[in-house]
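**Student:** Structure incoming, see below.
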Amino acid sequence: MSTGLEREPAVEVTEDELEAIVGDRALARDDHLNAPGFVIRPDDVQDVLKDLRDEAGFDHLANLTAQEYPDRYESIYHLRKYADPTQEVSVVVPTTTDEPVSQTAEPVFRTADWHEREAFDLVGIDYEGHPDPRRILLPETWQGHPLSRGYDQEKPQLVTLTEHANPIQPDHHDDESDTMFLNIGPHHPATHGVLHIETVLDGETVVDVDPDIGYLHRCEEQMCQQGTYRHQIMPYPDRWDYVSAGLLNEWAYARVAEDLADIDVPEYAQVIRTMGAELCRIASHMLALATFALDVYGDFTAIFQYGMRDREVVQDILEDLTGQRLMFNYFRLGGVAWDLPEPREEFIEKTRDFLDGLPAKVDEYNDLLTGNEIFQIRTHDTGVLEPEVAKQYGCTGPVARGSGIDYDLRRDDPYGYYDNLEWDVVTKDGCDNYSRVLVRMQEVEESAKIIEQCLDLLEDWPEDERTVQSNVPRTLKPDADTEIYRSVEGAKGELGIYIRADGTDKPGRFKIRSPCFHNLSALPEMAEGEYIPDMIASLGSLDIVLGEVDR
Amino acid sequence: MSGATVAATDAASGLPAVPLQDTVLLPERIGELTGLDGFGLGGELIATLVSAVVIGSLMLTMTALAGPWAKRKITASFTDRIAVNQLGPWGIGIIIVDAVRMLSKELVIPEGVDRPAYDLAPIVVVASALLGFAVIPMGNGIQLADPEVGLAYVFAVSGIASLGLVMAGYSSANKYSLLGGLRAVAQNIAYEIPLVITGMSIVIFAGTLQLGEIVAAQHETLVEIAGISIPTWYAFVNPFAFVLFLVANFAEVGRNPFDTPEAPTEIVAGYQTEYSSVYFVLIYLGEFLHIFLGGAIIATIFLGGPAGPVLPGIIWFIIKIWAVFFATQWLRSAVPRVRIDQLIEIGWKGLLVLAFANLVLTAVIVGLIA
Amino acid sequence: MIGILKSMATTMKHALDGSTFTVEYPETAPDVSPRFRGVHKFSQERCIWCRQCENVCPNDTIQIVTNDQRQGEQYNLHIGQCIYCRLCEEVCPVDAILLTENFEFTADTKHDFVYNKEQLKAVPWYKDIDPLAAREPDRDAWVGEGDGEVDYQ
């Protein structure tokens with residue numbers, strides 16, 4: 001069910017083989033609900049990860065969770081395979097409380113660069129050998145580590161801005177070309193949110209790009225750690241990827257909490273969830289196309305308005321279904337909040353009308369976008385991201401699929417009703433901006449197929465079997481010290497959540513694996529050596545949402 | 001200073017002598033109306049000033065209509081929206097509102113700017129466009145002067161605008177402005193030559209640089225189709241040159257697909273980044289004036305100037321320059337912008353070659369016909 | 001070139017057919033769905049002061065003050081801080097607090113957005129729609145028609 005390269009089947013690695021690979025570097029076992037876990041020493045990190053990557057085939061560092069227990073710090077490396085994401089292994093690295101130093105994993109997985117900076121920033125673990133140990137989300141002058149246990153949350157801090165020095169002037173300075181340091185953002189018409197990119201330019205060529213994130217850091221992980229599983233966390237995932245992908249984010253949380261507490265979801269609710277999620281995906285991709293056109297075409301482009309107009313129809317449908325146009329809060333643990341609105345026929349017909357009008361709109365976009373020669377010369381061979389580099393950075397979603405990596409959690413790690421429906425995964429091997437745009441446009445059509453099938457199912461579903469929520473008690477207290485990592489295919493890629501339950505009704509640690517975080521970290525690879533307009537276009541084609549990058 | 005009346009048979013080309021319009025220029029007419037021409041040189045000077053004010057006001061009115069109102073309405077019609085419609089009929093009151101709003105803003109001048117250049121740049125941009133309008137024949141005798149080197153004068157004067165852009169870009173002490181200014185000068189230089197060369201090919205047709213005579217030379221009938229006589233507008237005679245000139249003109253005025261100096265999504269506002277309030281209004285209006293000037297040149301040398309049936313010449317002229325403006329807005333809504341290196345490539349490699357080919361072909365064909 | 005011309009033709013088509021997608025608000029007030037979550041309305045008569053809404057609110061927007069006989073004295077809801085998640089309406093056992101469809105509310109300062117129970121009672125319905133009736137149209141189904149007769153003995 002894929003429109004791309006033939007996928008190589010992943011080699012199944014059994015637990016014994018894993019044990020053999022890790023060998024005697026494993027101090028203990030610490031199994032999580034989703035994967036076997038091996039506790040290793042802090043200075044064995046690179047060796048173990050390299051063996052797991054090269055011998056067992058775990059080439060995807062999905063997440064790096066850092067947390068502090070009363071007696072130790074812990075970094076957890078969640079490894080998966082691009083070829084088969086159901087095979088997972090966790091590598092747990094404990095360190096002492098008074099001197100939390102752990103070896104960096106950056107030489108093995110490039111994505112560990114940003115993750116370890118965040119772990120240092122928020123929790124306080126030092127990573128030895130890290131090429132760039134700065135804070136990433138909080139300002140450079142921040143004192144303390146907010147997610148560590150000893151942090152005083154009541155004390156405010158005043159952060160002063162220091163003049164940004166040219167960071168790589170010594171490296172790139174030569175007598176022929178003078179480089180110029182330019183701050184793009186955080187106030188900028190094209191940065192898709194408050195993103196600060198420190199660029200060093202040689203004329204119009206980009207020599208170095210260093211994204212500086214954290215302007216939209218809203219302490220989402222901490223807020224979720226202070227809310228109850230059952231009700232209070234659910235409104236927050238809407239706000240991570242806030243451009244219309246709310247239901248997809250909510251599904252990430254619903255999936256992880258339901259697997260943690262072993263809650264069943266009735267089939268009818270799964271169908272509604274699938275339909276709602278795919279509507280959100282269409283809306284999100286419409287916005288991505290529209291803003292990409294805005295970056296390449298200029299401010300007065302009609303494509304932006306057409307995209308908004310088409311997205312408006314989807315938002316109307318979602319408003320009928322959930323009650324809000326953007327912050328849905330529609331999923332509940334164990335199902336969804338409401339059934340389809342009454343009268344059902346009207347709602348189903350409205351959605352069907354939208355789906356019928358979609359091919360004409362897609363044709364229009366093809367006329368305006370992909371058929372336009374100037375657009376083609378602007379986006380062909382710009383923002384090139386090779387698949388191996390993408391895998392090193394943990395890129396997922398349309399960014400990875402535009403580079404030929406056939407990775408889609410809806411098919412590979414199925415949830416919801418996806419494996420009972422007929423649809424394809426769209427991959428292209430152009431590796432450039434053009435492919436990513438094409439991937440998104442075709443994914444809109446695939447989502448339309450899924451919604452069509454869901455509507456048919458919902459229409460004919462027998463009336464007395466329409467349970468939207470299974471019976472879940474008002475207070476959920478999962479067993480203490482159970483840990484789980486689960487992910488879904490969000491609009492931008494793999495959106496994963498790691499939860500450690502501590503026996504109360506609130507999570508002990510709630511870590512969000514954000515796809516835009518990984519995609520954005522690949523920007524330097526895509527933009528260096530090209531021109532400024534190409535960098536802006538690449539940034540647009542990555543389709544980042546700062547709410548998800550910074551959380 | 002009345003315009004030339006009848007030209008002799010054009011011996012060089014052998015084309016029949018075209019009875020030229022008996023053009024009475026505006027200063028003369030105003031002098032006659034007010035009786036100033038009895039005052040000698042002083043009276044002529046005052047009459048000229050008055051007519052300059054008339055023409056300048058006409059063009060500024062066009063710009064005032066275009067900027068706040070027409071641009072919004074046209075963009076909205078392309079994007080399925082209702083634009084300004086609250087104040088006045090069809091929302092024309094927005095012009096007054098916008099003017100008051102813009103002019104009442106605080107004039108923020110950054111600290112490190114190079115003051116003389118920073119202050120002069122907007123004036124240079126506006127002045128270069130207004131100066132160009134002095135020689136454009138707008139129909140019904142509304143023309144300030146008709147020198148024999150009219151076309152060269154117009155090209156020269158409108159090219160001064162790139163000086164203004166560079167001044168703005170460099171003096172603003174802002175890296176975005178610098179980038180915008182550099183792009184502007186690269187773009188203007190690259191596209192000025194194809195523009196002028198294509199203009200030259202028209203001069204070969206008309207045999208003169210004088211704009212009044214170029215307009216008059218387009219009065220003949222090219223061909224009769226179904227009783228409607230198609231005049232020899234050079235757009236019909238040489239559509240290839242027309243398209244070339246259009247493209248080069250869009251690049252000169254900095255409109256899509258060639259609006260890289262201003263590319264708002266890349267370099268914020270390019271050379272205009274640090275300008276606010278009055279200066280911004282001047283640059284903004286200057287941009288529209290340049291678009292209209294480009295349209296005026298196109299109308300004059302390709303579309304027969306103020307020629308057209310039924311309606312008076314000035315109305316046709318206005319229609320034509322608005323048509324060019326409308327074309328820029330249309331392109332803006334549908335066409336992406338090219339990257340600066342691609343733009344330079346298109347200019348130096350593509351358009352230049354085509355412009356020279358066009359010039360050579362025109363020269364050969366005119367020489368053969370003669 | 002053809003692609004560029006096709007793009008231009010597409011936008012021109014939109015310009016020529018003259019249809020607009022936007023509405024002129026506020027002359028035409030939009031229709032919102034029955035499930036739309038707007039400003040809250042609180043009924044002191046129905047409230048049993050169980051504090052379920054206060055407990056479930058994700059960002060502590062509701063503040064309830066009761067005296068020592070558990071009788072309600074204050075019910076404050078900061079409609080500027082609220083995230084309109086509707087959890088309070090969902091957990092309320094007596095429909096004492098519900099979210100109307102009204103989204104047109106303004107204030108001069110942020111503090112004016114703290115509504116006490118009188119202000120919450122006075123929140124107007126949007127276009128006179130009671131959302132609960134719209135959200136569950138057969139709410140009265142179990143109530144019955146009421147055409148039985150009382151048999152006075």
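Identifiers for the structure tokens are assigned positionally: chains receive A, B, ... in sequence, residues are indexed from 1 per chain, and ligands are indexed from 1 in the order shown.
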Need the shell around B:Val84: protein/DNA/RNA residues with any atom at most 10 Å away, counting only C-alpha atoms. Skip same-chain ones fewer than 6 positions apart. Format as a list in words?
**Tutor:**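 With the cut-off at 10 Å, the set is Pro68, Trp69, Ala70, Arg72, Lys73, Ala76, Trp90, Gly91, Ile92, Gly93 and Ile94 of chain B.
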**Student:** Near chain A, meaning an atom within 12 Å, which residues of chain B appear when counting only C-alpha atoms? Write them as a PyMOL selection string.
**Tutor:** chain B and resi 71-72+74-81+174-180+182-183+255-269+273+328-343+346
**Student:** Please produce a file of those selected residues containing C-alpha atoms, as a tab-separated table (two decimals), in the first residue's frame.
**Tutor:**
chain	number	residue	atom	x	y	z
B	71	LYS	CA	-4.85	47.61	-5.35
B	72	ARG	CA	-7.01	46.29	-2.54
B	74	ILE	CA	-8.22	44.15	-7.48
B	75	THR	CA	-6.39	41.80	-5.14
B	76	ALA	CA	-9.66	41.02	-3.43
B	77	SER	CA	-11.39	40.15	-6.64
B	78	PHE	CA	-8.65	37.65	-7.41
B	79	THR	CA	-9.00	36.08	-4.00
B	80	ASP	CA	-12.77	35.86	-3.61
B	81	ARG	CA	-13.01	38.58	-1.05
B	174	ASN	CA	20.17	47.79	8.19
B	175	LYS	CA	21.36	44.57	6.64
B	176	TYR	CA	17.99	43.80	5.14
B	177	SER	CA	17.94	47.18	3.44
B	178	LEU	CA	21.44	46.61	2.20
B	179	LEU	CA	20.47	43.31	0.65
B	180	GLY	CA	17.43	44.92	-0.89
B	182	LEU	CA	22.01	45.51	-3.78
B	183	ARG	CA	19.35	43.39	-5.38
B	255	ARG	CA	6.89	43.85	-9.67
B	256	ASN	CA	6.22	40.14	-9.67
B	257	PRO	CA	7.78	37.98	-10.82
B	258	PHE	CA	10.72	40.31	-10.33
B	259	ASP	CA	10.05	41.88	-6.98
B	260	THR	CA	13.15	40.55	-5.27
B	261	PRO	CA	14.41	43.93	-4.04
B	262	GLU	CA	11.35	44.16	-1.93
B	263	ALA	CA	10.68	40.49	-1.30
B	264	PRO	CA	8.74	40.82	1.91
B	265	THR	CA	8.95	37.21	2.84
B	266	GLU	CA	12.68	37.09	2.54
B	267	ILE	CA	14.15	40.41	3.44
B	268	VAL	CA	11.26	41.96	5.33
B	269	ALA	CA	10.80	45.02	3.16
B	273	THR	CA	12.55	48.49	5.81
B	328	THR	CA	0.97	43.94	-12.54
B	329	GLN	CA	-1.60	43.11	-9.91
B	330	TRP	CA	-2.71	40.07	-11.86
B	331	LEU	CA	0.83	38.80	-12.10
B	332	ARG	CA	1.30	39.47	-8.44
B	333	SER	CA	-1.51	37.13	-7.53
B	334	ALA	CA	-0.47	34.27	-9.72
B	335	VAL	CA	3.23	34.20	-10.42
B	336	PRO	CA	6.03	33.40	-7.99
B	337	ARG	CA	9.12	35.48	-7.72
B	338	VAL	CA	12.35	34.35	-9.25
B	339	ARG	CA	15.48	34.08	-7.24
B	340	ILE	CA	18.01	36.82	-7.68
B	341	ASP	CA	20.56	34.75	-9.54
B	342	GLN	CA	17.89	33.37	-11.84
B	343	LEU	CA	16.66	36.88	-12.39
B	346	ILE	CA	17.20	35.80	-17.36
**Student:** Considering only C-alpha atoms, extract the chain C residues located within 6 Å of chain B and return them as a tab-separated table (two decimals) with C-alpha atoms, in the first residue's frame.
**Tutor:**
chain	number	residue	atom	x	y	z
C	7	SER	CA	-1.78	30.16	-13.33
C	8	MET	CA	-2.79	33.59	-14.47
C	11	THR	CA	-6.76	33.64	-10.86
C	14	HIS	CA	-11.81	33.81	-9.81
C	15	ALA	CA	-11.80	37.52	-10.43
C	20	THR	CA	-16.90	36.02	-2.60
C	21	PHE	CA	-16.21	33.67	0.21
C	22	THR	CA	-16.20	36.26	2.94
**Student:** Given the choices A:Glu530, A:Glu140, A:Asp432, A:Asp316, which gets closest to chain C if the distance is worked out from only C-alpha atoms?
**Tutor:**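 Going through A:Glu530, A:Glu140, A:Asp432, A:Asp316 one by one, the smallest distance to chain C is for A:Asp316.
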**Student:** Using only C-alpha atoms, select each residue of chain A with any atom at most 9 Å away from an atom of chain C, and give the selection as a count of residues only.
**Tutor:** 39
**Student:** Give me the residues near A:Val243 as a count of residues only, where near means some atom within 12 Å (using only C-alpha atoms) and where sequence neighbours in that chain fewer than 3 positions away do not count.
**Tutor:** 36
**Student:** Pick out each residue of stretch 55-293 of chain B that DSSP on the backbone tags as strand (DSSP E or B); I need them as a ChimeraX atom specification.
**Tutor:** /B:221-225,228-231
**Student:** Emit the selected residues as a compact mmCIF listing (two decimals), in the first residue's frame, including N, CA and C atoms.
**Tutor:**
# COMPACT_ATOMS: atom_id res chain seq x y z
N THR B 221 -3.58 53.03 -40.63
CA THR B 221 -4.31 51.78 -40.51
C THR B 221 -3.41 50.65 -40.93
N LEU B 222 -3.34 49.66 -40.12
CA LEU B 222 -2.51 48.50 -40.46
C LEU B 222 -3.27 47.58 -41.40
N VAL B 223 -4.45 47.25 -40.96
CA VAL B 223 -5.25 46.30 -41.76
C VAL B 223 -6.71 46.51 -41.40
N GLU B 224 -7.59 46.21 -42.35
CA GLU B 224 -9.02 46.34 -42.07
C GLU B 224 -9.61 44.96 -41.85
N ILE B 225 -10.18 44.77 -40.68
CA ILE B 225 -10.84 43.48 -40.42
C ILE B 225 -12.29 43.76 -40.14
N ILE B 228 -13.46 47.12 -39.20
CA ILE B 228 -12.77 47.84 -38.13
C ILE B 228 -11.32 47.98 -38.55
N SER B 229 -10.85 49.21 -38.56
CA SER B 229 -9.47 49.39 -39.01
C SER B 229 -8.56 49.28 -37.81
N ILE B 230 -7.61 48.37 -37.91
CA ILE B 230 -6.64 48.20 -36.83
C ILE B 230 -5.49 49.16 -37.09
N PRO B 231 -5.24 50.04 -36.16
CA PRO B 231 -4.16 51.02 -36.40
C PRO B 231 -2.80 50.36 -36.26
**Student:** Record the distance separating atom CA of A:Phe38 and atom CA of A:Arg80, expressed in Å with one decimal.
**Tutor:** 14.2 Å
**Student:** Give me, please, the distance in Å between atom CA of B:Ala121 and atom CA of B:Ala168, quoted to one decimal.
**Tutor:**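 Interatomic distance, atom CA of B:Ala121 to atom CA of B:Ala168: 5.3 Å.
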**Student:** Quick one, how far is atom CA of C:Val39 from atom CA of A:Cys219?
**Tutor:**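 Taking atom CA of C:Val39 and atom CA of A:Cys219, their separation equals 26.4 Å.
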**Student:** Would you list the contacts of stretch 236-253 of chain B as a CSV table (one decimal) with N, CA and C atoms, in the first residue's frame, taking every protein, DNA or RNA residue within 10 Å and counting only C-alpha atoms, but skipping same-chain residues closer than 3 positions in sequence?
**Tutor:**
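Written file, around-v2.csv:
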chain,number,residue,atom,x,y,z
B,158,SER,N,13.8,57.9,-15.7
B,158,SER,CA,13.2,56.8,-14.9
B,158,SER,C,14.3,56.0,-14.4
B,159,GLY,N,15.5,55.9,-15.0
B,159,GLY,CA,16.6,55.2,-14.5
B,159,GLY,C,17.2,55.7,-13.2
B,161,ALA,N,15.8,56.3,-10.7
B,161,ALA,CA,15.1,55.7,-9.5
B,161,ALA,C,16.0,54.7,-8.9
B,162,SER,N,16.8,54.0,-9.7
B,162,SER,CA,17.7,52.9,-9.1
B,162,SER,C,18.7,53.6,-8.2
B,184,ALA,N,18.3,45.5,-5.8
B,184,ALA,CA,17.6,46.5,-6.7
B,184,ALA,C,18.6,46.9,-7.8
B,185,VAL,N,19.8,47.3,-7.4
B,185,VAL,CA,20.7,47.8,-8.4
B,185,VAL,C,21.1,46.7,-9.4
B,187,GLN,N,19.2,44.2,-10.3
B,187,GLN,CA,18.1,44.0,-11.2
B,187,GLN,C,17.9,45.1,-12.2
B,188,ASN,N,18.0,46.4,-11.7
B,188,ASN,CA,17.8,47.5,-12.6
B,188,ASN,C,18.8,47.6,-13.7
B,189,ILE,N,20.1,47.3,-13.4
B,189,ILE,CA,21.1,47.4,-14.4
B,189,ILE,C,20.8,46.2,-15.4
B,190,ALA,N,20.5,45.1,-14.9
B,190,ALA,CA,20.3,44.0,-15.8
B,190,ALA,C,19.2,44.2,-16.8
B,191,TYR,N,18.2,44.8,-16.4
B,191,TYR,CA,17.0,44.9,-17.2
B,191,TYR,C,16.9,46.3,-17.9
B,192,GLU,N,17.7,47.2,-17.6
B,192,GLU,CA,17.7,48.5,-18.3
B,192,GLU,C,18.1,48.3,-19.7
B,193,ILE,N,19.1,47.5,-20.0
B,193,ILE,CA,19.6,47.4,-21.4
B,193,ILE,C,18.6,46.8,-22.3
B,194,PRO,N,18.0,45.6,-21.9
B,194,PRO,CA,17.0,45.1,-22.9
B,194,PRO,C,15.8,46.1,-23.1
B,195,LEU,N,15.5,46.8,-22.0
B,195,LEU,CA,14.4,47.8,-22.1
B,195,LEU,C,14.8,48.8,-23.2
B,196,VAL,N,15.9,49.4,-23.1
B,196,VAL,CA,16.3,50.5,-24.0
B,196,VAL,C,16.5,49.9,-25.4
B,197,ILE,N,17.1,48.8,-25.5
B,197,ILE,CA,17.3,48.2,-26.8
B,197,ILE,C,15.9,47.9,-27.5
B,198,THR,N,15.0,47.4,-26.8
B,198,THR,CA,13.7,47.2,-27.4
B,198,THR,C,13.0,48.6,-27.8
B,199,GLY,N,13.2,49.5,-26.9
B,199,GLY,CA,12.8,50.9,-27.3
B,199,GLY,C,13.4,51.4,-28.6
B,201,SER,N,14.3,49.6,-31.0
B,201,SER,CA,13.7,49.0,-32.2
B,201,SER,C,12.4,49.7,-32.6
B,202,ILE,N,11.7,50.3,-31.6
B,202,ILE,CA,10.6,51.1,-32.0
B,202,ILE,C,11.0,52.4,-32.7
B,205,PHE,N,11.3,51.9,-36.2
B,205,PHE,CA,10.1,52.0,-36.9
B,205,PHE,C,9.6,53.4,-37.2
B,218,GLN,N,1.7,56.1,-35.2
B,218,GLN,CA,0.9,54.9,-35.0
B,218,GLN,C,-0.6,55.2,-35.4
B,222,LEU,N,-3.3,49.7,-40.1
B,222,LEU,CA,-2.5,48.5,-40.5
B,222,LEU,C,-3.3,47.6,-41.4
B,230,ILE,N,-7.6,48.4,-37.9
B,230,ILE,CA,-6.6,48.2,-36.8
B,230,ILE,C,-5.5,49.2,-37.1
B,231,PRO,N,-5.2,50.0,-36.2
B,231,PRO,CA,-4.2,51.0,-36.4
B,231,PRO,C,-2.8,50.4,-36.3
B,232,THR,N,-1.8,51.1,-36.8
B,232,THR,CA,-0.4,50.5,-36.7
B,232,THR,C,0.2,50.7,-35.3
B,233,TRP,N,-0.5,50.3,-34.3
B,233,TRP,CA,0.1,50.3,-33.0
B,233,TRP,C,1.3,49.3,-33.1
B,256,ASN,N,6.2,41.6,-9.4
B,256,ASN,CA,6.2,40.1,-9.7
B,256,ASN,C,6.3,39.9,-11.1
B,257,PRO,N,6.9,38.9,-11.6
B,257,PRO,CA,7.8,38.0,-10.8
B,257,PRO,C,9.2,38.5,-10.5
B,258,PHE,N,9.4,39.8,-10.6
B,258,PHE,CA,10.7,40.3,-10.3
B,258,PHE,C,10.8,41.2,-9.1
B,259,ASP,N,10.0,40.9,-8.1
B,259,ASP,CA,10.1,41.9,-7.0
B,259,ASP,C,11.1,41.5,-5.9
B,260,THR,N,12.2,40.9,-6.3
B,260,THR,CA,13.2,40.5,-5.3
B,260,THR,C,13.7,41.7,-4.4
B,287,GLU,N,6.6,54.1,-6.0
B,287,GLU,CA,6.6,52.8,-6.7
B,287,GLU,C,5.4,52.8,-7.6
B,288,PHE,N,4.2,53.2,-7.2
B,288,PHE,CA,3.1,53.2,-8.1
B,288,PHE,C,3.3,54.2,-9.2
B,289,LEU,N,3.9,55.4,-8.9
B,289,LEU,CA,4.2,56.3,-10.0
B,289,LEU,C,5.0,55.7,-11.1
B,290,HIS,N,6.0,54.9,-10.6
B,290,HIS,CA,6.9,54.2,-11.6
B,290,HIS,C,6.1,53.2,-12.4
B,291,ILE,N,5.2,52.5,-11.7
B,291,ILE,CA,4.3,51.6,-12.5
B,291,ILE,C,3.5,52.3,-13.6
B,292,PHE,N,3.0,53.4,-13.2
B,292,PHE,CA,2.2,54.2,-14.1
B,292,PHE,C,3.1,54.8,-15.2
B,293,LEU,N,4.3,55.2,-14.8
B,293,LEU,CA,5.2,55.7,-15.9
B,293,LEU,C,5.5,54.7,-16.8
B,294,GLY,N,5.8,53.5,-16.3
B,294,GLY,CA,6.1,52.3,-17.2
B,294,GLY,C,4.9,52.1,-18.1
B,295,GLY,N,3.7,52.1,-17.5
B,295,GLY,CA,2.5,52.0,-18.4
B,295,GLY,C,2.4,53.1,-19.4
B,297,ILE,N,4.8,54.8,-20.8
B,297,ILE,CA,5.8,54.5,-21.9
B,297,ILE,C,5.3,53.4,-22.8
B,298,ILE,N,4.8,52.4,-22.2
B,298,ILE,CA,4.3,51.3,-23.0
B,298,ILE,C,3.1,51.8,-23.9
B,301,ILE,N,4.6,54.1,-26.7
B,301,ILE,CA,5.4,53.6,-27.9
B,301,ILE,C,4.8,52.3,-28.4
B,302,PHE,N,3.9,51.7,-27.7
B,302,PHE,CA,3.4,50.4,-28.3
B,302,PHE,C,1.9,50.5,-28.6
B,303,LEU,N,1.2,51.3,-27.8
B,303,LEU,CA,-0.3,51.2,-27.9
B,303,LEU,C,-0.8,52.5,-28.4
B,324,VAL,N,-2.1,48.4,-17.6
B,324,VAL,CA,-0.8,47.9,-17.3
B,324,VAL,C,-0.7,47.7,-15.8
B,327,ALA,N,-2.4,44.6,-15.0
B,327,ALA,CA,-1.6,43.5,-15.3
B,327,ALA,C,-0.6,43.2,-14.2
B,328,THR,N,0.0,44.2,-13.6
B,328,THR,CA,1.0,43.9,-12.5
B,328,THR,C,0.3,43.3,-11.4
B,331,LEU,N,-0.4,39.6,-12.2
B,331,LEU,CA,0.8,38.8,-12.1
B,331,LEU,C,1.2,38.6,-10.7
B,343,LEU,N,17.1,35.6,-11.8
B,343,LEU,CA,16.7,36.9,-12.4
B,343,LEU,C,17.8,37.5,-13.2
B,347,GLY,N,17.9,38.1,-17.2
B,347,GLY,CA,18.2,39.4,-17.8
B,347,GLY,C,19.3,39.4,-18.7
B,351,LEU,N,16.9,37.9,-21.9
B,351,LEU,CA,16.3,39.1,-22.5
B,351,LEU,C,17.3,39.9,-23.4
B,352,LEU,N,18.5,40.0,-23.0
B,352,LEU,CA,19.5,40.8,-23.7
B,352,LEU,C,19.6,40.2,-25.1
B,354,LEU,N,17.6,38.3,-26.7
B,354,LEU,CA,16.3,38.4,-27.5
B,354,LEU,C,16.2,39.9,-27.9
B,355,ALA,N,16.5,40.8,-27.1
B,355,ALA,CA,16.4,42.2,-27.4
B,355,ALA,C,17.3,42.6,-28.6
B,358,ASN,N,15.9,41.1,-31.7
B,358,ASN,CA,14.7,41.9,-32.1
B,358,ASN,C,15.2,43.1,-32.9
B,359,LEU,N,16.2,43.8,-32.3
B,359,LEU,CA,16.7,45.0,-32.9
B,359,LEU,C,17.3,44.8,-34.3
B,362,THR,N,14.5,43.9,-36.7
B,362,THR,CA,13.7,45.1,-37.0
B,362,THR,C,14.5,46.0,-38.0
**Student:** Looking at B:Gly313, B:Gly112, B:Gly150, B:Pro137, which one is nearest to B:Val203, with distances taken over only C-alpha atoms?
**Tutor:** B:Gly150
**Student:** As number ranges by chain, please: the residues near A:Asp262 (cut-off 12 Å, only C-alpha atoms, same-chain neighbours under 2 positions excluded).
**Tutor:** A: 33, 254-260, 264-265, 333-334, 470-472, 476-479, 482, 484
**Student:** Could you name the residues that touch B:Val157 at 8 Å or less, counting only C-alpha atoms, but leaving out those on the same chain fewer than 5 positions away, as a ChimeraX atom specification?
**Tutor:** /B:128-129,131-132
**Student:** Dump C-alpha atoms for the selected residues as a PDB file, in the first residue's frame?
**Tutor:**
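Contents of out04.pdb, as written:
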ATOM      1  CA  SER B 128      12.354  60.517 -11.178  1.00  0.00           C
ATOM      2  CA  ALA B 129       8.890  59.231 -11.957  1.00  0.00           C
ATOM      3  CA  LEU B 131       9.918  64.061 -14.227  1.00  0.00           C
ATOM      4  CA  GLY B 132       9.303  61.322 -16.729  1.00  0.00           C
TER       5      GLY B 132
END
